[in-house]
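Participant: Just passing along the structure, written as structure tokens.
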Amino acid sequence: MKTKLIAAFLLVLGSQMGQAIACSVCFGARDAKSTEHMAVAIWVMMGVIMSVMGGVGAFGFHIWRHANTPLEPHQELTDENLDQYE
């Protein structure tokens, strides 16, 4: 009984009748305003996500590039080993 119910449900969803009962948002009607707005929202989200990921990548590149730079002269004096003077 359970398998027949699942098979009937999948048949309805996979057939043309399943597409006929879908609303314009779910079906993706080309002339609906909600579909156009959803496309714009997707592109905005892609832009936001890519800019944030680009910022994280740029910061990682900045840290990687400056990891092995030589120290400034005033920092070299403070990092000097003073054990020999004790």
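Chain labels follow the order of the structure tokens: the first chain is A, the next B, and so on; residue numbering restarts at 1 in every chain, and ligands are counted from 1 in their shown order.
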Run DSSP on the backbone and grab whatever in stretch 1-73 of chain A lands in alpha helix (DSSP H); send it over as number ranges by chain.
Facilitator: A: 2-14, 16-20, 24-27, 33-65, 73
Participant: Rounded to one decimal place, report the atom CA of A:Ala67-atom CA of A:Met50 distance in Å.
Facilitator: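 Between atom CA of A:Ala67 and atom CA of A:Met50 the gap works out to 25.4 Å.
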Participant: Expressed in Å to a single decimal, how great is the separation between atom CA of A:Asn68 and atom CA of A:Val52?
Facilitator: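 Between atom CA of A:Asn68 and atom CA of A:Val52 the gap is 26.0 Å.
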Participant: Suppose you want the space between atom CA of A:Trp43 and atom CA of A:Gly14; what is it in Å?
Facilitator: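 Taking atom CA of A:Trp43 and atom CA of A:Gly14, their separation equals 28.9 Å.
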